[in-house]
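S.K.: Input file: model_7.txt. Contents: compact mmCIF, C-alpha atoms and all ligand atoms.
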# COMPACT_ATOMS: atom_id res chain seq x y z
CA MET A 1 24.07 9.57 -32.71
CA MET A 2 27.37 8.63 -31.18
CA TRP A 3 27.67 12.06 -29.63
CA THR A 4 24.14 11.71 -28.24
CA SER A 5 24.82 8.34 -26.69
CA LEU A 6 28.13 9.57 -25.32
CA SER A 7 26.44 12.60 -23.84
CA SER A 8 23.59 10.59 -22.35
CA GLY A 9 26.16 8.16 -20.95
CA LEU A 10 27.80 11.01 -19.12
CA MET A 11 24.55 12.34 -17.75
CA PRO A 12 23.53 10.72 -14.48
CA GLN A 13 20.08 9.23 -14.69
CA LYS A 14 17.38 11.42 -13.17
CA PRO A 15 16.37 10.23 -9.72
CA ASN A 16 12.96 8.89 -8.83
CA LEU A 17 11.35 11.33 -6.41
CA ILE A 18 9.18 10.39 -3.43
CA TYR A 19 7.73 13.22 -1.35
CA ILE A 20 6.25 11.89 1.89
CA VAL A 21 4.14 14.39 3.83
CA SER A 22 2.71 13.44 7.21
CA ASP A 23 -0.18 15.41 8.70
CA ASP A 24 0.16 17.44 11.93
CA LEU A 25 3.33 15.56 12.98
CA GLY A 26 5.30 17.60 15.51
CA TYR A 27 8.98 18.49 15.56
CA ALA A 28 10.00 15.92 18.20
CA ASP A 29 7.54 13.10 17.52
CA LEU A 30 10.15 10.99 15.70
CA GLY A 31 12.95 9.14 17.45
CA CYS A 32 15.52 10.82 15.20
CA TYR A 33 14.30 14.23 16.42
CA GLY A 34 14.60 13.33 20.09
CA GLY A 35 11.17 11.74 20.53
CA ARG A 36 10.71 9.29 23.40
CA GLN A 37 9.98 5.62 22.98
CA ALA A 38 6.39 4.44 23.25
CA GLY A 39 5.25 1.62 25.55
CA PHE A 40 5.50 -0.71 22.55
CA GLY A 41 9.07 0.39 21.67
CA PRO A 42 10.61 2.82 19.18
CA VAL A 43 7.94 4.92 17.42
CA SER A 44 9.62 5.51 14.05
CA PRO A 45 12.48 3.05 13.36
CA HIS A 46 12.12 3.13 9.55
CA ILE A 47 11.97 6.92 9.28
CA ASP A 48 14.88 7.10 11.74
CA ALA A 49 16.79 4.75 9.42
CA LEU A 50 16.19 7.12 6.49
CA ALA A 51 17.70 9.92 8.59
CA ALA A 52 20.64 7.72 9.61
CA GLY A 53 21.28 6.80 5.98
CA GLY A 54 20.76 10.34 4.70
CA LEU A 55 20.37 13.92 5.82
CA ARG A 56 18.41 15.48 8.66
CA PHE A 57 17.52 19.19 8.81
CA THR A 58 17.27 20.66 12.32
CA GLU A 59 15.91 24.09 11.29
CA GLY A 60 13.48 23.36 8.46
CA TYR A 61 9.95 24.77 8.38
CA SER A 62 6.54 24.33 6.83
CA ASN A 63 5.14 27.17 4.73
CA SER A 64 2.24 27.49 7.18
CA PRO A 65 1.21 26.23 10.62
CA VAL A 66 -1.92 24.75 9.02
CA CYS A 67 -2.66 22.24 6.34
CA SER A 68 -4.01 23.56 3.04
CA PRO A 69 -1.88 26.74 2.91
CA THR A 70 1.25 24.60 3.12
CA ARG A 71 -0.10 22.35 0.36
CA PHE A 72 -0.70 25.34 -1.96
CA ALA A 73 2.96 26.25 -1.48
CA LEU A 74 4.08 22.66 -1.93
CA MET A 75 2.29 22.43 -5.27
CA THR A 76 3.08 25.90 -6.70
CA MET A 77 6.55 26.46 -5.17
CA ARG A 78 5.37 30.00 -4.39
CA TYR A 79 4.06 31.71 -1.27
CA GLN A 80 0.53 30.41 -0.73
CA TYR A 81 -0.71 33.98 -0.17
CA ARG A 82 -0.56 34.50 -3.95
CA LEU A 83 -3.71 32.39 -4.38
CA ARG A 84 -7.16 33.07 -2.90
CA GLY A 85 -7.51 29.49 -1.69
CA GLY A 86 -4.19 29.78 0.12
CA MET A 87 -5.67 32.48 2.39
CA GLU A 88 -8.12 30.05 4.01
CA GLU A 89 -6.84 28.76 7.35
CA PRO A 90 -7.55 26.03 6.29
CA ILE A 91 -9.87 25.18 3.40
CA ASN A 92 -12.88 23.53 5.01
CA SER A 93 -15.97 21.64 3.88
CA LYS A 94 -17.40 24.87 2.39
CA SER A 95 -14.89 24.41 -0.42
CA LYS A 96 -16.92 21.53 -1.86
CA GLY A 97 -18.63 23.08 -4.89
CA SER A 98 -16.58 26.28 -4.63
CA THR A 99 -14.99 27.60 -7.82
CA THR A 100 -12.52 29.84 -5.97
CA LEU A 101 -11.26 27.88 -2.95
CA GLY A 102 -8.86 25.49 -4.61
CA LEU A 103 -5.72 25.22 -6.72
CA PRO A 104 -6.47 26.79 -10.15
CA THR A 105 -5.85 24.27 -12.90
CA ASP A 106 -3.96 26.76 -15.07
CA MET A 107 -1.32 27.16 -12.36
CA PRO A 108 1.92 25.29 -13.13
CA THR A 109 2.69 22.82 -10.35
CA LEU A 110 5.52 20.60 -9.21
CA PRO A 111 3.91 17.48 -10.78
CA SER A 112 2.84 19.26 -13.99
CA LEU A 113 6.36 20.62 -14.55
CA LEU A 114 7.98 17.28 -13.65
CA ARG A 115 5.63 15.58 -16.09
CA GLU A 116 6.82 17.98 -18.80
CA ALA A 117 10.35 16.93 -17.84
CA GLY A 118 9.50 13.27 -18.49
CA TYR A 119 8.29 12.00 -15.14
CA ALA A 120 5.36 9.71 -14.40
CA THR A 121 3.43 11.40 -11.57
CA ALA A 122 1.07 10.16 -8.85
CA LEU A 123 -0.54 11.39 -5.65
CA VAL A 124 -1.38 8.76 -3.07
CA GLY A 125 -3.13 10.31 -0.07
CA LYS A 126 -4.48 13.69 0.90
CA TRP A 127 -5.19 16.45 -1.63
CA HIS A 128 -7.08 19.18 0.32
CA LEU A 129 -6.87 21.74 -2.51
CA GLY A 130 -10.46 21.89 -3.77
CA TYR A 131 -12.91 19.55 -5.43
CA PRO A 132 -13.70 18.53 -9.01
CA PRO A 133 -15.02 19.58 -11.41
CA THR A 134 -13.19 22.90 -10.85
CA PHE A 135 -10.14 21.51 -9.06
CA GLY A 136 -8.42 18.21 -8.39
CA PRO A 137 -5.10 16.37 -8.52
CA LEU A 138 -5.67 14.99 -12.03
CA ARG A 139 -6.28 18.56 -13.21
CA SER A 140 -3.06 19.84 -11.62
CA GLY A 141 -0.39 17.55 -13.02
CA TYR A 142 -0.83 14.11 -11.48
CA ASP A 143 -1.28 11.17 -13.88
CA GLU A 144 -2.83 9.13 -11.08
CA PHE A 145 -4.63 9.85 -7.83
CA PHE A 146 -5.66 7.53 -5.04
CA GLY A 147 -6.75 9.23 -1.85
CA ILE A 148 -8.91 11.81 -0.18
CA MET A 149 -9.93 15.28 -1.36
CA ALA A 150 -11.02 16.55 2.08
CA GLY A 151 -8.90 17.94 4.91
CA GLY A 152 -9.49 14.86 7.03
CA VAL A 153 -11.44 11.61 7.08
CA ASP A 154 -12.11 8.80 9.50
CA TYR A 155 -9.43 6.11 9.19
CA PHE A 156 -12.03 3.32 8.86
CA THR A 157 -15.16 4.81 7.24
CA HIS A 158 -13.13 7.13 4.96
CA CYS A 159 -15.84 9.76 5.48
CA SER A 160 -15.09 13.47 5.88
CA GLY A 161 -16.36 15.65 8.72
CA LYS A 162 -19.46 16.38 6.66
CA GLY A 163 -20.20 12.65 6.54
CA ASP A 164 -19.44 12.34 2.81
CA HIS A 165 -17.54 9.27 1.67
CA ASP A 166 -14.22 10.75 0.55
CA LEU A 167 -11.93 8.10 -0.95
CA TYR A 168 -11.25 8.28 -4.68
CA ILE A 169 -9.44 6.60 -7.50
CA GLY A 170 -8.95 9.44 -9.94
CA GLU A 171 -12.23 11.32 -9.64
CA ALA A 172 -14.36 8.21 -9.06
CA SER A 173 -15.56 7.35 -5.59
CA HIS A 174 -13.84 4.21 -4.34
CA ARG A 175 -14.87 1.94 -1.48
CA GLU A 176 -12.39 -0.27 0.24
CA VAL A 177 -12.30 -1.89 3.68
CA GLY A 178 -9.18 -0.97 5.59
CA TYR A 179 -7.28 1.34 7.93
CA LEU A 180 -6.43 4.36 5.81
CA THR A 181 -2.73 4.54 6.70
CA ASP A 182 -2.28 0.92 5.60
CA VAL A 183 -4.43 1.42 2.50
CA LEU A 184 -2.22 4.34 1.42
CA SER A 185 0.99 2.43 2.16
CA ASP A 186 -0.21 -0.53 0.07
CA ARG A 187 -1.07 1.79 -2.83
CA ALA A 188 2.34 3.44 -2.65
CA VAL A 189 4.09 0.05 -2.77
CA ASP A 190 1.85 -0.97 -5.66
CA TYR A 191 2.77 2.22 -7.53
CA VAL A 192 6.49 1.55 -7.17
CA GLN A 193 5.96 -2.05 -8.37
CA ARG A 194 4.07 -0.85 -11.44
CA MET A 195 6.52 1.95 -12.28
CA ALA A 196 9.70 -0.05 -11.59
CA PRO A 197 10.23 -1.50 -15.12
CA GLN A 198 10.00 1.89 -16.82
CA ALA A 199 12.02 3.54 -14.05
CA ARG A 200 14.81 1.04 -14.68
CA GLY A 201 14.38 1.76 -18.39
CA GLY A 202 15.00 5.49 -17.93
CA LYS A 203 11.54 6.99 -17.28
CA PRO A 204 11.58 8.08 -13.64
CA PHE A 205 8.57 8.60 -11.39
CA PHE A 206 7.44 11.25 -8.93
CA LEU A 207 5.29 9.90 -6.11
CA SER A 208 3.61 12.24 -3.64
CA LEU A 209 2.65 10.17 -0.60
CA HIS A 210 0.54 12.35 1.65
CA TYR A 211 -0.51 10.43 4.72
CA THR A 212 -3.32 11.72 6.95
CA ALA A 213 -1.44 10.23 9.92
CA PRO A 214 -1.14 11.22 12.68
CA HIS A 215 -4.02 13.72 12.26
CA TRP A 216 -7.24 13.25 14.27
CA PRO A 217 -9.43 11.20 14.80
CA TRP A 218 -7.26 9.29 17.27
CA GLU A 219 -7.60 5.81 15.83
CA THR A 220 -4.96 3.09 15.63
CA ARG A 221 -5.23 0.08 13.36
CA ASP A 222 -7.01 -1.78 16.17
CA ASP A 223 -9.61 0.93 16.87
CA ALA A 224 -12.42 0.17 14.41
CA GLN A 225 -14.83 0.30 17.35
CA VAL A 226 -13.69 3.87 18.12
CA ALA A 227 -14.68 4.87 14.59
CA ALA A 228 -18.10 3.26 15.06
CA GLY A 229 -18.79 5.41 18.13
CA LEU A 230 -17.17 8.65 16.95
CA GLY A 231 -19.19 11.87 17.35
CA ASN A 232 -17.17 14.15 15.10
CA LEU A 233 -13.74 13.98 13.53
CA PHE A 234 -12.12 16.48 15.93
CA HIS A 235 -12.51 13.68 18.48
CA LEU A 236 -12.49 16.00 21.49
CA ASP A 237 -13.37 13.21 23.93
CA GLY A 238 -10.70 10.71 22.90
CA GLY A 239 -7.06 9.94 22.18
CA ASN A 240 -3.91 9.74 24.27
CA VAL A 241 -0.18 9.87 23.71
CA GLU A 242 0.22 6.10 23.36
CA SER A 243 -2.48 5.84 20.63
CA TYR A 244 -0.99 8.85 18.90
CA ARG A 245 2.45 7.25 18.84
CA ARG A 246 0.97 4.06 17.48
CA MET A 247 -0.63 6.02 14.63
CA ILE A 248 2.82 7.36 13.73
CA HIS A 249 4.19 3.84 14.05
CA HIS A 250 1.66 2.48 11.52
CA MET A 251 2.81 5.12 9.04
CA ASP A 252 6.42 4.23 9.81
CA GLU A 253 5.73 0.56 9.04
CA GLY A 254 4.28 1.56 5.66
CA ILE A 255 7.37 3.65 4.89
CA GLY A 256 9.48 0.62 5.81
CA GLN A 257 7.55 -1.46 3.26
CA LEU A 258 8.01 1.22 0.62
CA VAL A 259 11.77 1.35 1.19
CA ALA A 260 11.95 -2.47 1.08
CA GLU A 261 10.11 -2.44 -2.26
CA LEU A 262 12.47 0.18 -3.71
CA ARG A 263 15.41 -1.93 -2.59
CA ALA A 264 13.92 -5.13 -4.05
CA GLN A 265 13.36 -3.34 -7.37
CA GLY A 266 16.94 -2.06 -7.44
CA LEU A 267 15.71 1.54 -7.27
CA LEU A 268 16.68 2.65 -3.78
CA GLU A 269 20.14 3.96 -4.70
CA ASN A 270 18.88 6.59 -7.14
CA THR A 271 15.59 7.51 -5.46
CA LEU A 272 15.36 10.70 -3.42
CA ILE A 273 12.95 10.21 -0.54
CA VAL A 274 11.95 13.37 1.31
CA PHE A 275 9.97 13.11 4.55
CA THR A 276 8.23 15.98 6.36
CA SER A 277 5.04 17.25 8.01
CA ASP A 278 2.61 19.85 6.63
CA ASN A 279 2.57 21.85 9.90
CA GLY A 280 3.58 21.63 13.55
CA GLY A 281 2.12 19.15 16.01
CA GLU A 282 -1.40 19.07 17.40
CA ARG A 283 -2.69 18.25 20.92
CA PHE A 284 -0.88 14.92 21.54
CA SER A 285 2.28 15.81 19.71
CA ASP A 286 5.75 16.40 21.13
CA ASN A 287 7.20 19.69 19.91
CA TRP A 288 9.96 19.90 22.49
CA PRO A 289 11.81 22.21 23.00
CA LEU A 290 9.55 24.43 20.92
CA VAL A 291 6.52 26.40 22.08
CA GLY A 292 3.10 26.32 20.40
CA GLY A 293 1.71 24.03 17.73
CA LYS A 294 -0.65 23.91 14.78
CA MET A 295 -2.02 27.42 13.92
CA ASP A 296 0.87 29.19 15.72
CA LEU A 297 3.83 31.01 14.21
CA THR A 298 5.91 30.24 17.25
CA GLU A 299 8.43 27.54 16.33
CA GLY A 300 6.21 24.66 17.44
CA GLY A 301 3.67 25.51 14.75
CA ILE A 302 6.07 25.69 11.83
CA ARG A 303 9.35 23.91 12.58
CA VAL A 304 8.99 20.36 11.28
CA PRO A 305 11.13 17.33 10.44
CA TRP A 306 12.86 17.38 7.07
CA ILE A 307 14.70 14.19 6.13
CA ALA A 308 16.29 13.47 2.75
CA HIS A 309 17.54 10.01 1.74
CA TRP A 310 19.35 9.48 -1.57
CA PRO A 311 22.26 7.02 -1.31
CA ALA A 312 23.69 7.93 -4.73
CA VAL A 313 24.25 11.53 -3.69
CA ILE A 314 23.67 12.28 0.01
CA PRO A 315 26.34 11.21 2.51
CA ALA A 316 24.89 9.01 5.29
CA ALA A 317 24.39 10.39 8.81
CA SER A 318 24.47 13.99 7.60
CA LEU A 319 23.05 16.92 9.51
CA THR A 320 22.42 20.49 8.44
CA THR A 321 21.16 23.73 10.02
CA GLN A 322 20.11 25.09 6.61
CA HIS A 323 16.90 27.14 6.88
CA CYS A 324 14.19 26.16 4.43
CA MET A 325 10.44 25.87 4.03
CA THR A 326 8.09 23.60 2.11
CA MET A 327 8.22 25.47 -1.20
CA ASP A 328 12.04 25.23 -1.22
CA TRP A 329 11.79 21.43 -1.16
CA SER A 330 9.36 21.44 -4.06
CA ALA A 331 11.74 23.74 -5.96
CA THR A 332 14.53 21.28 -5.12
CA LEU A 333 12.63 18.29 -6.52
CA LEU A 334 11.80 20.29 -9.65
CA ALA A 335 15.44 21.21 -10.18
CA LEU A 336 16.71 17.68 -9.58
CA GLY A 337 14.12 16.34 -12.02
CA GLY A 338 15.26 18.77 -14.71
CA GLY A 339 11.96 20.67 -14.68
CA ARG A 340 11.77 24.38 -15.43
CA PRO A 341 9.54 26.95 -13.78
CA HIS A 342 6.98 28.65 -16.02
CA PRO A 343 8.25 32.18 -16.83
CA ASP A 344 4.88 33.74 -15.90
CA PHE A 345 4.96 32.14 -12.45
CA PRO A 346 8.45 32.63 -11.02
CA LEU A 347 9.18 30.57 -7.93
CA ASP A 348 9.51 31.92 -4.42
CA GLY A 349 11.02 28.56 -3.46
CA VAL A 350 14.81 28.19 -3.62
CA SER A 351 16.49 24.90 -4.54
CA LEU A 352 18.40 23.10 -1.79
CA ALA A 353 20.14 20.77 -4.25
CA ASP A 354 23.62 22.01 -3.32
CA VAL A 355 22.91 21.43 0.38
CA LEU A 356 21.89 17.84 -0.35
CA ARG A 357 25.29 17.30 -1.97
CA GLN A 358 27.19 19.23 0.68
CA PRO A 359 25.11 19.50 3.87
CA THR A 360 27.42 21.87 5.74
CA ASN A 361 27.44 24.34 2.85
CA THR A 362 24.51 26.45 4.07
CA PHE A 363 23.30 29.78 2.70
CA GLU A 364 21.18 32.61 4.12
CA ARG A 365 17.51 32.00 3.48
CA PRO A 366 15.09 34.60 4.96
CA LEU A 367 11.65 33.04 5.53
CA TYR A 368 8.35 34.91 5.93
CA TRP A 369 4.96 33.87 7.30
CA ARG A 370 1.62 35.57 7.79
CA MET A 371 -1.53 34.32 9.51
CA ASN A 372 -5.00 35.82 9.60
CA HIS A 373 -5.50 33.88 12.84
CA ARG A 374 -4.41 36.18 15.69
CA SER A 375 -2.82 38.63 13.20
CA GLN A 376 0.43 36.70 13.34
CA ARG A 377 3.60 37.66 11.52
CA ALA A 378 7.02 36.03 11.45
CA LEU A 379 10.36 36.53 9.78
CA ARG A 380 13.30 34.17 10.36
CA ARG A 381 16.60 35.56 9.15
CA GLY A 382 19.92 34.15 10.30
CA ASP A 383 19.87 33.58 14.05
CA TRP A 384 16.95 35.95 14.52
CA LYS A 385 13.17 35.93 14.39
CA TYR A 386 10.66 38.76 14.38
CA LEU A 387 7.28 37.57 15.68
CA LYS A 388 3.91 39.22 16.16
CA VAL A 389 0.94 37.52 17.85
CA ASP A 390 -2.23 39.58 18.33
CA GLU A 391 -0.92 43.07 19.17
CA ASN A 392 2.32 41.86 20.76
CA GLU A 393 5.66 41.94 18.97
CA TYR A 394 8.83 40.07 19.84
CA LEU A 395 12.43 39.54 18.78
CA PHE A 396 14.14 36.23 19.51
CA ASN A 397 17.59 34.79 18.90
CA ILE A 398 16.37 31.40 17.74
CA THR A 399 19.84 29.85 17.62
CA ALA A 400 20.27 30.61 21.33
CA ASP A 401 16.62 30.33 22.38
CA ALA A 402 14.49 28.14 20.09
CA ARG A 403 11.85 28.10 22.82
CA GLU A 404 11.20 31.83 22.29
CA ARG A 405 11.13 32.85 25.94
CA ALA A 406 13.75 35.64 25.99
CA ASN A 407 12.20 38.63 24.18
CA LEU A 408 15.09 40.80 22.96
CA ALA A 409 13.01 43.50 21.23
CA HIS A 410 13.91 46.14 23.84
CA LYS A 411 17.53 45.07 24.12
CA PHE A 412 18.14 45.33 20.37
CA PRO A 413 15.67 47.99 19.16
CA GLU A 414 17.46 48.64 15.87
CA ARG A 415 17.51 44.99 14.89
CA PHE A 416 13.88 44.70 15.93
CA SER A 417 12.77 47.63 13.75
CA ALA A 418 14.88 46.47 10.82
CA MET A 419 13.26 43.05 10.87
CA ARG A 420 9.82 44.53 11.33
CA GLU A 421 10.42 46.81 8.33
CA ALA A 422 11.68 43.85 6.29
CA TRP A 423 8.49 41.94 7.11
CA LEU A 424 6.30 44.89 6.09
CA ALA A 425 8.24 45.29 2.84
CA TRP A 426 7.76 41.60 2.09
CA GLU A 427 4.04 41.74 2.83
CA TYR A 428 3.72 44.45 0.21
CA THR A 429 4.79 41.84 -2.41
CA VAL A 430 1.88 39.44 -1.72
CA PRO A 431 -1.88 40.06 -1.91
CA ALA A 432 -3.67 41.31 1.21
CA ILE A 433 -5.95 39.00 3.20
CA PRO A 434 -9.48 39.46 1.82
CA ASP A 435 -12.32 40.26 4.23
CA ASP A 436 -14.09 36.97 3.54
CA ALA A 437 -11.07 34.75 4.26
CA SER A 438 -11.98 32.27 6.98
CA VAL A 439 -10.19 30.89 10.01
CA SER A 440 -11.47 27.49 11.21
CA LEU A 441 -10.35 26.29 14.59
CA GLY A 442 -12.75 23.44 15.30
CA TYR A 443 -12.43 23.77 19.05
CA SER A 444 -11.32 26.22 21.71
CA TYR A 445 -10.23 26.56 25.34
CA LYS A 446 -13.77 25.57 26.30
CA ASP A 447 -12.94 22.08 25.08
CA MET A 448 -9.49 21.70 26.63
CA PRO A 449 -7.14 23.84 28.73
CA GLN A 450 -4.52 25.93 26.98
CA ARG A 451 -1.38 23.98 26.20
CA CA B 501 -2.06 19.29 8.78
Is it possible to give me this structure as structure tokens?
M.R.:
Amino acid sequence: MMWTSLSSGLMPQKPNLIYIVSDDLGYADLGCYGGRQAGFGPVSPHIDALAAGGLRFTEGYSNSPVCSPTRFALMTMRYQYRLRGGMEEPINSKSKGSTTLGLPTDMPTLPSLLREAGYATALVGKWHLGYPPTFGPLRSGYDEFFGIMAGGVDYFTHCSGKGDHDLYIGEASHREVGYLTDVLSDRAVDYVQRMAPQARGGKPFFLSLHYTAPHWPWETRDDAQVAAGLGNLFHLDGGNVESYRRMIHHMDEGIGQLVAELRAQGLLENTLIVFTSDNGGERFSDNWPLVGGKMDLTEGGIRVPWIAHWPAVIPAASLTTQHCMTMDWSATLLALGGGRPHPDFPLDGVSLADVLRQPTNTFERPLYWRMNHRSQRALRRGDWKYLKVDENEYLFNITADARERANLAHKFPERFSAMREAWLAWEYTVPAIPDDASVSLGYSYKDMPQR
């Protein structure tokens, strides 16, 4: 017994883990990533404060330039292409009732493996990985769920594009009056309040907080009348940069409340908060200096903010150029929580735990992407990136030219072919895109000029 207590005394307590995922937020939308101020002032002061008190990644990526594929990778810590549902770009309303287009419940996940390691687990916010009874967050490792199952809902009516009411507690439909971003923030604060006593007593929690902000429709907290007159959720006749920034600001306020609650509960010091976006920015977003956005494998579609705040471990005001993608962060949280991957489902994600402790201690991390949309391919390795869009292939030095304007494929033919070969060899390790995989764009150049 004495040995046990001595050994547990030497072991640092496991951190609480909070994984905040915004929706369609671009690389430079936040102040701490060079974003401009809005008319009302700084857009993201609380998220910027997390970066100032922790670690900011300048070359981190999402697993996909679109929503549900990234979320498959986030949950499984593996390339999303390994699952049929992960091939949809993205899962759309046809998935309701589908028994194939979702996250299979026998697949080990970040929350299921953290739960095995002793964590309380909750998802507050967007799921987007298939519907009950075949799929659902409670069937994939979360003890609690409050949020939406669809890919998007109206912020006020909480209805999906199909018109179905889509707000749930667990698997029960839940009606509540409120602006969704605020509703989710309140639930996240409530979760921390409820879990705080047991967290202080040694049972940590894992909270996934998946905002729908700043995804369309373009509604701020004061725009209930916009919701009342909305034609469809893509909202092709509305929005502007100022509204968009305010939507981010509402999320930022909620994150400020969450941090204040952690501090009040004495939990902030040993809680790792990770903040990111599920894909690159959409039509009102600022991706500067990157080109492209959501659905593109140019940097603007996949390079996203990654911020980690953990006062007990991460030195304040840290910066790193470490390359990483979504599944690496999930693997990191699993490792820090003492969870173990299932031997039948080895991870593609690589833990970044050592980088959190020592941000300048980077390692080589080749990253691969594939999109059915426009037959895109990408490989980032070191300074370089191999890119294919439609039938055109490119080679860029991303360190020198993150904007991907100087195509070096003809200047460095050997490097170009080596990276192309590496991409083809990687693709051989994941399933091919099936003929019935769908690409859903929602709108085209008919609706707005090319960006
Ligand atoms: Ca998204």
S.K.: Please put the answer as lines of an AutoDock Vina configuration file: centre and edge lengths, in Å with one decimal, of a box along x, y and z that encloses all listed atoms of segment 385-404 of chain A plus 8 Å on each side.
M.R.:
center_x = 9.0
center_y = 35.6
center_z = 18.6
size_x = 38.5
size_y = 31.0
size_z = 24.4
S.K.: Could you list, as a list in words, all protein and nucleic acid residues with an atom at most 6 Å from ligand CA 501 (chain B), counting all atoms listed in the file?
M.R.: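 Counting only what the definition allows, namely all atoms listed in the file, the set is Asp23, Asp24, Val66, Cys67, Asp278 and Asn279 of chain A.
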S.K.: For the point (10.1, 10.1, -16.4) in file coordinates, what residues are within 6 Å, counting only C-alpha atoms? Give the answer as an mmCIF file with C-alpha atoms, in the coordinates of the input?
M.R.:
data_model
loop_
_atom_site.group_PDB
_atom_site.id
_atom_site.type_symbol
_atom_site.label_atom_id
_atom_site.label_comp_id
_atom_site.auth_asym_id
_atom_site.auth_seq_id
_atom_site.Cartn_x
_atom_site.Cartn_y
_atom_site.Cartn_z
ATOM 1 C CA GLY A 118 9.500 13.270 -18.490
ATOM 2 C CA TYR A 119 8.290 12.000 -15.140
ATOM 3 C CA ALA A 120 5.360 9.710 -14.400
ATOM 4 C CA LYS A 203 11.540 6.990 -17.280
ATOM 5 C CA PRO A 204 11.580 8.080 -13.640
ATOM 6 C CA PHE A 205 8.570 8.600 -11.390
#
S.K.: Hey, which of A:His342, A:Arg283, A:Arg36, A:Arg303 ends up closest to Asp106 of chain A? Count only C-alpha atoms.
M.R.: A:His342
S.K.: I'd like the interatomic distance between atom CA of Tyr168 of chain A and atom CA of Gln198 of chain A, to a tenth of an Å.
M.R.: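 Distance reported for this atom pair: 25.3 Å.
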S.K.: Compare A:Glu364, A:Glu261, A:Asp383, A:Glu144 by their minimum atom-to-atom distance to Cys324 of chain A, counting all atoms listed in the file, and give me the closest one.
M.R.: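 Using all atoms listed in the file, Cys324 of chain A sits closest to A:Glu364.
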S.K.: Find the residue from A:Gln376, A:Asn287, A:Ser44, A:Asn16 that sits nearest to Ser64 of chain A; use only C-alpha atoms when measuring.
M.R.: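 Checking each of A:Gln376, A:Asn287, A:Ser44, A:Asn16 against Ser64 of chain A, counting only C-alpha atoms, the winner is A:Gln376.
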S.K.: Using only C-alpha atoms, tabulate the residues of segment 194-234 of chain A lying at most 12 Å from any atom of segment 432-448 of chain A, each with its closest atom pair and that distance in Å to one decimal, by chain and increasing residue number, as a Markdown table.
M.R.:
| residue | atom | partner | partner_atom | distance |
| --- | --- | --- | --- | --- |
| A:Trp216 | CA | A:Gly442 | CA | 11.6 |
| A:Asn232 | CA | A:Gly442 | CA | 10.3 |
| A:Leu233 | CA | A:Gly442 | CA | 9.7 |
| A:Phe234 | CA | A:Gly442 | CA | 7.0 |
S.K.: List as a list in words the protein and nucleic acid residues near Gly151 of chain A, meaning an atom at most 10 Å away when all atoms listed in the file are counted, but skip any in the same chain fewer than 4 places from it.
M.R.: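 Residues meeting the cut-off are Asp23, Cys67, Ser68, Pro90, Ile91, Asn92, Ser93, Lys126, Trp127, His128, Leu129, Gly130, Ser160, Gly161, Asp166, Thr212 and His215 of chain A.
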S.K.: What is the distance, in Å and to one decimal place, between atom CA of Pro449 of chain A and atom CA of Asp154 of chain A?
M.R.: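 Interatomic distance here is 24.9 Å.
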S.K.: Might you pull out every residue within 10 Å of Ser185 of chain A, with all atoms listed in the file counted and same-chain residues fewer than 2 positions away left off, and present them as a ChimeraX atom specification?
M.R.: /A:124-125,180-183,187-191,209-211,250-258
S.K.: One decimal, in Å: what's the spacing between atom CA of Met75 of chain A and atom CA of Ser330 of chain A?
M.R.: 7.2 Å
S.K.: Restricting the calculation to all atoms listed in the file: of A:Thr220, A:Thr105, A:Ser351, A:Gln80, which residue gets closest to Arg245 of chain A?
M.R.: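 The shortest atom-to-atom distance to Arg245 of chain A comes from A:Thr220.
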S.K.: Between A:Gly281, A:Gly86, A:Pro15, A:Pro289, which one has atoms that come closest to Asp401 of chain A, using all atoms listed in the file?
M.R.: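 Once distances to Asp401 of chain A are computed over all atoms listed in the file, the minimum belongs to A:Pro289.
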S.K.: Which residues, written as a list in words, have at least one atom at most 7 Å from Val304 of chain A, with only C-alpha atoms counted and residues fewer than 2 positions away on the same chain left out?
M.R.: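 The residues satisfying every condition are Gly26, Tyr27, Gly60, Tyr61, Ser62, Thr276, Ser277, Asn279, Gly280, Ile302 and Trp306 of chain A.
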S.K.: Could you take the residues named above and write them with C-alpha atoms, as a compact mmCIF listing (two decimals), keeping the file's coordinate frame?
M.R.:
# COMPACT_ATOMS: atom_id res chain seq x y z
CA GLY A 26 5.30 17.60 15.51
CA TYR A 27 8.98 18.49 15.56
CA GLY A 60 13.48 23.36 8.46
CA TYR A 61 9.95 24.77 8.38
CA SER A 62 6.54 24.33 6.83
CA THR A 276 8.23 15.98 6.36
CA SER A 277 5.04 17.25 8.01
CA ASN A 279 2.57 21.85 9.90
CA GLY A 280 3.58 21.63 13.55
CA ILE A 302 6.07 25.69 11.83
CA TRP A 306 12.86 17.38 7.07
S.K.: Taking all atoms listed in the file into account, which of A:Asn361, A:Ser173, A:Thr134, A:Gln265 comes nearest Pro197 of chain A?
M.R.: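 Going through A:Asn361, A:Ser173, A:Thr134, A:Gln265 one by one, the smallest distance to Pro197 of chain A is for A:Gln265.
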